[in-house]
Amino acid sequence: MKIAQRLFEESGLASSHEPIDVMLVSALLEGRYHVGGRLERLATEKDDTFRLRTHSDDYLVKVSPPDEAEMAVALQTAVMRFLQGAAPEVPVQRVKLTVGGDDRVAIKTNDGRTRVLRVFDFVEGPVLARTNPTAEQLAKVGEMLGRVDVALKAFEHPADRRGLVWDIRHFHQLTGLVEHTPNTEHRQLAQEVFRLFDGAIVPRLNDLETQVIHGDYSPYNVVVDPQSDDFVTGVIDFGDTMRSAVIFDPAVSLANLLGRAPDHPWLDACAFVAGYERARPIEDWELPLLPIAALARLTLRALITNWRAERVPERRDYLLGHAKDDWINVGRAMAVPLDDVIAQLREGRHDLA
């Protein structure tokens, strides 16, 4: 578990922390950004996050956990600012600068550690998870991620090679997490996914194309408007951005779509991939790795949820709520033969081309 512990620490997930003082946040917003209003705390995985309602605009305010490196936070902000310039047509959440032109404010805590406050425009509208998208709308969600990945190909940052427990390329090193899963059937599912990953992906890890990716393009990080032809109106939360295999970016999205249609667990995933390939085609030899990577990501979330719920009880409800159906969906998805899934993905390319 040493590797897992290190990755949890580098990801800012290894420990709990005291919630940031709301009065301190208000004072910093007034003094450094010249904005004020009503702060509403929002539930999140690790940051202290607020919605700031002012007379004219709403903002999202995030304060990083004290065990997340400042450079990792700087990476997340730099990616968003890069996309604003390199791909202005991609609706990335906008970073608000301080009156002095900075994109963040460092906060020294009583124990000598540093937390980072940042302010973003608040993107109105429902997230994808709260809607019931059609196949074509899912394709548009996939196409948007493809455009993000194409734009980020040229992006570099000193912290982009950070270790992150969510990075699928580390999945095979995290078998020790199975020990924290009490259900025997769930442990067996996890072990089968590890076997698939070890056999198909580990031997090809060094062959996969790498670049900086979003890292968490989930249904909770895509804002949509069902009445809009574009459908996707906001790409938010670059908290898991990193340099990794590009194929792992759509794999994260697929993991979140598995099981949405219980009788056809890969149906939505196929629509998403068809759209993704409109913007960024997937190599023929990489495509069979995509469903295995998606299963790995979904299994990883289920394993991490159990591990973290033990250690961070104040976020237990949030964690378990986001992952409550993961084991069910892993089981449903694995009940479909892998060759059939790959065939479905290939057919989907033509159906929504």
# chains A, B, ... in the order shown; residues from 1 in each chain; ligands from 1
call {"tool": "residues_around", "arguments": {"residues": "stretch 92-106 of chain A", "least_positions_apart": "2", "cutoff": "8 Å", "atoms": "only C-alpha atoms", "output": "mmCIF file with N, CA, C and O atoms, in the first residue's frame"}}
result
data_model
loop_
_atom_site.group_PDB
_atom_site.id
_atom_site.type_symbol
_atom_site.label_atom_id
_atom_site.label_comp_id
_atom_site.auth_asym_id
_atom_site.auth_seq_id
_atom_site.Cartn_x
_atom_site.Cartn_y
_atom_site.Cartn_z
ATOM 1 N N ARG A 32 -9.162 41.265 -2.101
ATOM 2 C CA ARG A 32 -8.332 40.930 -3.258
ATOM 3 C C ARG A 32 -9.081 40.951 -4.589
ATOM 4 O O ARG A 32 -8.487 41.139 -5.640
ATOM 5 N N TYR A 33 -10.405 40.733 -4.532
ATOM 6 C CA TYR A 33 -11.182 40.698 -5.773
ATOM 7 C C TYR A 33 -12.200 41.833 -5.883
ATOM 8 O O TYR A 33 -12.795 42.032 -6.944
ATOM 9 N N HIS A 34 -12.409 42.535 -4.774
ATOM 10 C CA HIS A 34 -13.419 43.593 -4.717
ATOM 11 C C HIS A 34 -14.809 43.066 -5.082
ATOM 12 O O HIS A 34 -15.565 43.715 -5.805
ATOM 13 N N THR A 77 -5.218 25.681 -12.821
ATOM 14 C CA THR A 77 -5.592 27.012 -13.288
ATOM 15 C C THR A 77 -4.976 27.312 -14.644
ATOM 16 O O THR A 77 -5.622 27.876 -15.534
ATOM 17 N N MET A 80 -6.888 25.817 -17.612
ATOM 18 C CA MET A 80 -8.101 26.555 -17.937
ATOM 19 C C MET A 80 -7.777 27.844 -18.689
ATOM 20 O O MET A 80 -8.425 28.170 -19.693
ATOM 21 N N ARG A 81 -6.750 28.542 -18.246
ATOM 22 C CA ARG A 81 -6.376 29.789 -18.907
ATOM 23 C C ARG A 81 -5.811 29.521 -20.305
ATOM 24 O O ARG A 81 -6.041 30.295 -21.238
ATOM 25 N N LEU A 83 -6.715 27.029 -22.319
ATOM 26 C CA LEU A 83 -7.844 26.719 -23.201
ATOM 27 C C LEU A 83 -8.631 27.979 -23.568
ATOM 28 O O LEU A 83 -9.149 28.091 -24.688
ATOM 29 N N GLN A 84 -8.719 28.930 -22.653
ATOM 30 C CA GLN A 84 -9.409 30.179 -22.966
ATOM 31 C C GLN A 84 -8.768 30.878 -24.160
ATOM 32 O O GLN A 84 -9.455 31.473 -24.984
ATOM 33 N N VAL A 90 -14.320 26.478 -26.902
ATOM 34 C CA VAL A 90 -14.620 25.484 -25.874
ATOM 35 C C VAL A 90 -15.101 26.218 -24.630
ATOM 36 O O VAL A 90 -14.389 27.081 -24.108
ATOM 37 N N LYS A 108 -2.016 31.203 4.283
ATOM 38 C CA LYS A 108 -1.194 30.457 5.251
ATOM 39 C C LYS A 108 -2.073 30.008 6.416
ATOM 40 O O LYS A 108 -2.740 30.819 7.037
ATOM 41 N N THR A 114 -0.064 25.820 3.331
ATOM 42 C CA THR A 114 -0.653 26.819 2.437
ATOM 43 C C THR A 114 -1.869 26.241 1.731
ATOM 44 O O THR A 114 -1.841 25.110 1.248
ATOM 45 N N ARG A 115 -2.927 27.027 1.701
ATOM 46 C CA ARG A 115 -4.105 26.699 0.895
ATOM 47 C C ARG A 115 -4.266 27.784 -0.159
ATOM 48 O O ARG A 115 -3.811 28.917 0.029
ATOM 49 N N VAL A 116 -4.891 27.433 -1.265
ATOM 50 C CA VAL A 116 -4.979 28.362 -2.389
ATOM 51 C C VAL A 116 -6.442 28.655 -2.697
ATOM 52 O O VAL A 116 -7.242 27.743 -2.919
ATOM 53 N N LEU A 117 -6.780 29.951 -2.718
ATOM 54 C CA LEU A 117 -8.124 30.396 -3.059
ATOM 55 C C LEU A 117 -8.154 30.840 -4.518
ATOM 56 O O LEU A 117 -7.270 31.580 -4.968
ATOM 57 N N ARG A 118 -9.166 30.380 -5.238
ATOM 58 C CA ARG A 118 -9.360 30.799 -6.632
ATOM 59 C C ARG A 118 -10.836 31.108 -6.864
ATOM 60 O O ARG A 118 -11.708 30.564 -6.180
ATOM 61 N N VAL A 119 -11.093 31.955 -7.845
ATOM 62 C CA VAL A 119 -12.459 32.375 -8.160
ATOM 63 C C VAL A 119 -12.700 32.155 -9.652
ATOM 64 O O VAL A 119 -11.866 32.495 -10.492
ATOM 65 N N PHE A 120 -13.863 31.566 -9.966
ATOM 66 C CA PHE A 120 -14.234 31.305 -11.350
ATOM 67 C C PHE A 120 -15.640 31.835 -11.606
ATOM 68 O O PHE A 120 -16.444 31.968 -10.681
ATOM 69 N N ASP A 121 -15.932 32.100 -12.875
ATOM 70 C CA ASP A 121 -17.311 32.408 -13.232
ATOM 71 C C ASP A 121 -18.179 31.197 -12.891
ATOM 72 O O ASP A 121 -17.750 30.046 -13.063
ATOM 73 N N PHE A 122 -19.385 31.445 -12.425
ATOM 74 C CA PHE A 122 -20.308 30.337 -12.147
ATOM 75 C C PHE A 122 -21.056 30.012 -13.430
ATOM 76 O O PHE A 122 -21.676 30.884 -14.043
ATOM 77 N N VAL A 123 -20.988 28.759 -13.854
ATOM 78 C CA VAL A 123 -21.653 28.328 -15.091
ATOM 79 C C VAL A 123 -23.061 27.852 -14.745
ATOM 80 O O VAL A 123 -23.238 26.843 -14.066
ATOM 81 N N GLY A 234 -20.775 24.160 -20.742
ATOM 82 C CA GLY A 234 -19.706 24.412 -19.773
ATOM 83 C C GLY A 234 -18.888 23.158 -19.513
ATOM 84 O O GLY A 234 -19.441 22.077 -19.320
ATOM 85 N N VAL A 235 -17.562 23.320 -19.537
ATOM 86 C CA VAL A 235 -16.630 22.263 -19.131
ATOM 87 C C VAL A 235 -15.963 22.764 -17.863
ATOM 88 O O VAL A 235 -15.261 23.781 -17.886
ATOM 89 N N ILE A 236 -16.179 22.077 -16.743
ATOM 90 C CA ILE A 236 -15.741 22.600 -15.447
ATOM 91 C C ILE A 236 -14.847 21.597 -14.716
ATOM 92 O O ILE A 236 -14.727 20.446 -15.130
#
call {"tool": "select_by_dssp", "arguments": {"residues": "stretch 86-325 of chain A", "states": "strand (DSSP E)", "output": "list of chain:residue names"}}
result
A:Val95, A:Lys96, A:Val105, A:Ala106, A:Ile107, A:Lys108, A:Thr114, A:Arg115, A:Val116, A:Leu117, A:Arg118, A:Val119, A:Phe120, A:Asp121, A:Thr210, A:Gln211, A:Val212, A:Ile213, A:Val222, A:Val223, A:Val224, A:Val232, A:Thr233, A:Gly234, A:Val235, A:Met242, A:Arg243, A:Ser244, A:Ala245
call {"tool": "write_last_selection", "arguments": {"atoms": "C-alpha atoms", "output": "compact mmCIF listing (two decimals), in the first residue's frame"}}
result
# COMPACT_ATOMS: atom_id res chain seq x y z
CA VAL A 95 -10.81 32.26 -14.18
CA LYS A 96 -11.39 35.58 -12.41
CA VAL A 105 -4.50 33.90 -3.47
CA ALA A 106 -2.27 31.92 -1.09
CA ILE A 107 -3.60 31.43 2.46
CA LYS A 108 -1.19 30.46 5.25
CA THR A 114 -0.65 26.82 2.44
CA ARG A 115 -4.11 26.70 0.90
CA VAL A 116 -4.98 28.36 -2.39
CA LEU A 117 -8.12 30.40 -3.06
CA ARG A 118 -9.36 30.80 -6.63
CA VAL A 119 -12.46 32.37 -8.16
CA PHE A 120 -14.23 31.31 -11.35
CA ASP A 121 -17.31 32.41 -13.23
CA THR A 210 0.43 10.88 -23.70
CA GLN A 211 -0.35 14.53 -23.08
CA VAL A 212 -2.13 16.68 -20.50
CA ILE A 213 -5.79 15.63 -20.21
CA VAL A 222 -20.24 18.95 -17.95
CA VAL A 223 -22.90 21.68 -17.91
CA VAL A 224 -25.56 21.33 -20.60
CA VAL A 232 -22.63 21.39 -23.90
CA THR A 233 -22.44 24.88 -22.38
CA GLY A 234 -19.71 24.41 -19.77
CA VAL A 235 -16.63 22.26 -19.13
CA MET A 242 -2.45 15.63 -15.44
CA ARG A 243 -0.21 14.21 -18.15
CA SER A 244 -1.34 10.68 -18.91
CA ALA A 245 -2.42 8.44 -21.79
call {"tool": "residues_around", "arguments": {"residues": "A:Ala255", "least_positions_apart": "4", "cutoff": "7 Å", "atoms": "only C-alpha atoms", "output": "PDB file with all heavy atoms, in the first residue's frame"}}
result
ATOM      1  N   ALA A 251     -12.013   7.278 -21.317  1.00  0.00           N
ATOM      2  CA  ALA A 251     -12.291   6.131 -20.447  1.00  0.00           C
ATOM      3  C   ALA A 251     -12.977   6.578 -19.159  1.00  0.00           C
ATOM      4  O   ALA A 251     -13.862   5.877 -18.638  1.00  0.00           O
ATOM      5  CB  ALA A 251     -11.008   5.376 -20.129  1.00  0.00           C
ATOM      6  N   ALA A 294     -12.053   1.793 -19.018  1.00  0.00           N
ATOM      7  CA  ALA A 294     -13.286   2.297 -18.390  1.00  0.00           C
ATOM      8  C   ALA A 294     -13.680   1.440 -17.196  1.00  0.00           C
ATOM      9  O   ALA A 294     -14.055   1.963 -16.130  1.00  0.00           O
ATOM     10  CB  ALA A 294     -14.415   2.326 -19.420  1.00  0.00           C
ATOM     11  N   LEU A 295     -13.582   0.123 -17.345  1.00  0.00           N
ATOM     12  CA  LEU A 295     -13.875  -0.773 -16.223  1.00  0.00           C
ATOM     13  C   LEU A 295     -12.901  -0.531 -15.075  1.00  0.00           C
ATOM     14  O   LEU A 295     -13.288  -0.563 -13.899  1.00  0.00           O
ATOM     15  CB  LEU A 295     -13.794  -2.228 -16.682  1.00  0.00           C
ATOM     16  CG  LEU A 295     -14.945  -2.728 -17.561  1.00  0.00           C
ATOM     17  CD1 LEU A 295     -14.592  -4.074 -18.180  1.00  0.00           C
ATOM     18  CD2 LEU A 295     -16.233  -2.847 -16.739  1.00  0.00           C
ATOM     19  N   ARG A 297     -11.372   2.284 -14.337  1.00  0.00           N
ATOM     20  CA  ARG A 297     -11.694   3.552 -13.673  1.00  0.00           C
ATOM     21  C   ARG A 297     -12.906   3.401 -12.755  1.00  0.00           C
ATOM     22  O   ARG A 297     -12.909   3.913 -11.626  1.00  0.00           O
ATOM     23  CB  ARG A 297     -11.972   4.624 -14.737  1.00  0.00           C
ATOM     24  CG  ARG A 297     -12.545   5.931 -14.199  1.00  0.00           C
ATOM     25  CD  ARG A 297     -11.599   6.677 -13.290  1.00  0.00           C
ATOM     26  NE  ARG A 297     -12.250   7.846 -12.723  1.00  0.00           N
ATOM     27  CZ  ARG A 297     -11.679   9.030 -12.572  1.00  0.00           C
ATOM     28  NH1 ARG A 297     -10.433   9.199 -12.918  1.00  0.00           N
ATOM     29  NH2 ARG A 297     -12.352  10.042 -12.068  1.00  0.00           N
ATOM     30  N   LEU A 298     -13.935   2.690 -13.226  1.00  0.00           N
ATOM     31  CA  LEU A 298     -15.126   2.509 -12.405  1.00  0.00           C
ATOM     32  C   LEU A 298     -14.806   1.671 -11.168  1.00  0.00           C
ATOM     33  O   LEU A 298     -15.250   1.980 -10.056  1.00  0.00           O
ATOM     34  CB  LEU A 298     -16.224   1.836 -13.229  1.00  0.00           C
ATOM     35  CG  LEU A 298     -17.595   1.707 -12.579  1.00  0.00           C
ATOM     36  CD1 LEU A 298     -18.129   3.055 -12.117  1.00  0.00           C
ATOM     37  CD2 LEU A 298     -18.578   1.037 -13.540  1.00  0.00           C
TER      38      LEU A 298
END
call {"tool": "closest_residue", "arguments": {"among": "A:Arg41, A:Arg280, A:Arg346, A:His186", "to": "A:Val148", "atoms": "only C-alpha atoms"}}
result
A:Arg280
call {"tool": "closest_residue", "arguments": {"among": "A:Glu156, A:Gln173, A:Gly146, A:Pro133", "to": "A:Lys2", "atoms": "only C-alpha atoms"}}
result
A:Gln173
call {"tool": "closest_residue", "arguments": {"among": "A:Gln188, A:Glu124, A:Ala293, A:Glu70", "to": "A:Pro158", "atoms": "only C-alpha atoms"}}
result
A:Glu70
call {"tool": "atom_distance", "arguments": {"atom1": "atom CA of A:Ser56", "atom2": "atom CA of A:Arg38"}}
result
12.1 Å
call {"tool": "residues_around", "arguments": {"residues": "stretch 179-183 of chain A", "least_positions_apart": "5", "cutoff": "9 Å", "atoms": "only C-alpha atoms", "output": "number ranges by chain"}}
result
A: 188, 302-304, 306-307, 310
call {"tool": "closest_residue", "arguments": {"among": "A:Val150, A:Val341, A:Val193, A:Ala261", "to": "A:Val246", "atoms": "only C-alpha atoms"}}
result
A:Val150
call {"tool": "closest_residue", "arguments": {"among": "A:Pro281, A:Pro226, A:Gly125, A:Pro265", "to": "A:Asp149", "atoms": "only C-alpha atoms"}}
result
A:Pro281
call {"tool": "atom_distance", "arguments": {"atom1": "atom CA of A:Gln191", "atom2": "atom CA of A:Ala4"}}
result
16.6 Å
call {"tool": "residues_around", "arguments": {"residues": "A:Ala139", "least_positions_apart": "6", "cutoff": "12 Å", "atoms": "only C-alpha atoms", "output": "short mmCIF file (atom, residue, chain, number, x, y, z; two decimals) with N, CA, C and O atoms, in the first residue's frame"}}
result
data_model
loop_
_atom_site.label_atom_id
_atom_site.label_comp_id
_atom_site.auth_asym_id
_atom_site.auth_seq_id
_atom_site.Cartn_x
_atom_site.Cartn_y
_atom_site.Cartn_z
N PRO A 133 -29.95 12.49 -21.63
CA PRO A 133 -29.55 12.86 -22.99
C PRO A 133 -29.88 11.79 -24.03
O PRO A 133 -29.91 10.59 -23.73
N LEU A 145 -15.18 16.71 -25.49
CA LEU A 145 -13.94 16.23 -24.87
C LEU A 145 -12.87 16.02 -25.92
O LEU A 145 -11.69 16.33 -25.67
N GLY A 146 -13.24 15.51 -27.09
CA GLY A 146 -12.26 15.36 -28.16
C GLY A 146 -11.63 16.70 -28.52
O GLY A 146 -10.41 16.79 -28.74
N ASP A 230 -25.82 23.18 -29.41
CA ASP A 230 -24.49 22.75 -28.97
C ASP A 230 -24.57 21.75 -27.82
O ASP A 230 -23.65 20.96 -27.62
N PHE A 231 -25.64 21.81 -27.05
CA PHE A 231 -25.90 20.97 -25.88
C PHE A 231 -24.93 21.27 -24.74
O PHE A 231 -25.34 21.61 -23.65
N VAL A 232 -23.61 21.14 -24.96
CA VAL A 232 -22.63 21.39 -23.90
C VAL A 232 -22.38 22.89 -23.79
O VAL A 232 -21.95 23.54 -24.75
N PRO A 250 -11.31 9.75 -22.39
CA PRO A 250 -12.66 9.23 -22.64
C PRO A 250 -13.01 8.04 -21.77
O PRO A 250 -14.20 7.80 -21.48
N SER A 253 -14.98 9.12 -18.82
CA SER A 253 -16.37 9.42 -19.17
C SER A 253 -17.17 8.14 -19.33
O SER A 253 -18.31 8.04 -18.85
N LEU A 254 -16.59 7.15 -20.00
CA LEU A 254 -17.29 5.89 -20.20
C LEU A 254 -17.61 5.22 -18.88
O LEU A 254 -18.70 4.65 -18.69
N LEU A 267 -24.39 1.01 -24.13
CA LEU A 267 -25.08 1.78 -25.18
C LEU A 267 -24.66 3.25 -25.17
O LEU A 267 -24.27 3.81 -26.21
N ASP A 268 -24.74 3.90 -24.03
CA ASP A 268 -24.39 5.32 -23.94
C ASP A 268 -22.90 5.54 -24.18
O ASP A 268 -22.50 6.55 -24.76
N ALA A 269 -22.09 4.60 -23.73
CA ALA A 269 -20.65 4.70 -23.95
C ALA A 269 -20.33 4.72 -25.44
O ALA A 269 -19.46 5.49 -25.89
N CYS A 270 -21.03 3.90 -26.21
CA CYS A 270 -20.78 3.85 -27.65
C CYS A 270 -21.15 5.17 -28.32
O CYS A 270 -20.42 5.65 -29.21
N ALA A 271 -22.25 5.78 -27.90
CA ALA A 271 -22.63 7.08 -28.47
C ALA A 271 -21.59 8.14 -28.14
O ALA A 271 -21.22 8.96 -28.98
N PHE A 272 -21.11 8.12 -26.91
CA PHE A 272 -20.08 9.08 -26.49
C PHE A 272 -18.81 8.93 -27.33
O PHE A 272 -18.26 9.92 -27.82
N VAL A 273 -18.36 7.69 -27.51
CA VAL A 273 -17.12 7.45 -28.26
C VAL A 273 -17.27 7.88 -29.71
O VAL A 273 -16.35 8.46 -30.30
N ALA A 274 -18.44 7.62 -30.30
CA ALA A 274 -18.67 8.03 -31.68
C ALA A 274 -18.51 9.54 -31.83
O ALA A 274 -17.91 10.04 -32.80
N GLY A 275 -19.02 10.29 -30.84
CA GLY A 275 -18.86 11.74 -30.88
C GLY A 275 -17.43 12.18 -30.64
O GLY A 275 -16.92 13.08 -31.31
N TYR A 276 -16.77 11.53 -29.68
CA TYR A 276 -15.37 11.86 -29.38
C TYR A 276 -14.52 11.73 -30.64
O TYR A 276 -13.67 12.58 -30.93
N GLU A 277 -14.78 10.68 -31.42
CA GLU A 277 -13.95 10.42 -32.60
C GLU A 277 -14.22 11.41 -33.74
O GLU A 277 -13.42 11.48 -34.68
N ARG A 278 -15.31 12.15 -33.67
CA ARG A 278 -15.50 13.22 -34.65
C ARG A 278 -14.40 14.27 -34.53
O ARG A 278 -13.97 14.87 -35.51
N ALA A 279 -13.98 14.50 -33.30
CA ALA A 279 -12.95 15.52 -33.04
C ALA A 279 -11.55 14.92 -32.97
O ALA A 279 -10.58 15.53 -33.40
N GLY A 348 -20.59 1.89 -33.64
CA GLY A 348 -21.02 3.23 -33.26
C GLY A 348 -20.34 4.33 -34.05
O GLY A 348 -20.92 5.39 -34.29
N ARG A 349 -19.11 4.06 -34.47
CA ARG A 349 -18.38 5.03 -35.30
C ARG A 349 -19.20 5.38 -36.56
O ARG A 349 -19.23 6.52 -36.98
N ASP A 351 -22.61 4.62 -37.04
CA ASP A 351 -23.99 5.00 -36.78
C ASP A 351 -24.16 6.50 -36.54
O ASP A 351 -25.16 7.08 -36.93
N LEU A 352 -23.16 7.12 -35.88
CA LEU A 352 -23.28 8.55 -35.55
C LEU A 352 -22.24 9.38 -36.29
O LEU A 352 -21.92 10.49 -35.90
N ALA A 353 -21.70 8.85 -37.36
CA ALA A 353 -20.68 9.58 -38.13
C ALA A 353 -21.30 10.79 -38.81
O ALA A 353 -22.48 10.81 -39.12
#
call {"tool": "residues_around", "arguments": {"residues": "A:Ala72", "least_positions_apart": "2", "cutoff": "12 Å", "atoms": "only C-alpha atoms", "output": "PyMOL selection string"}}
result
chain A and resi 10-12+64-70+74-79+115-116+157-164+238-243
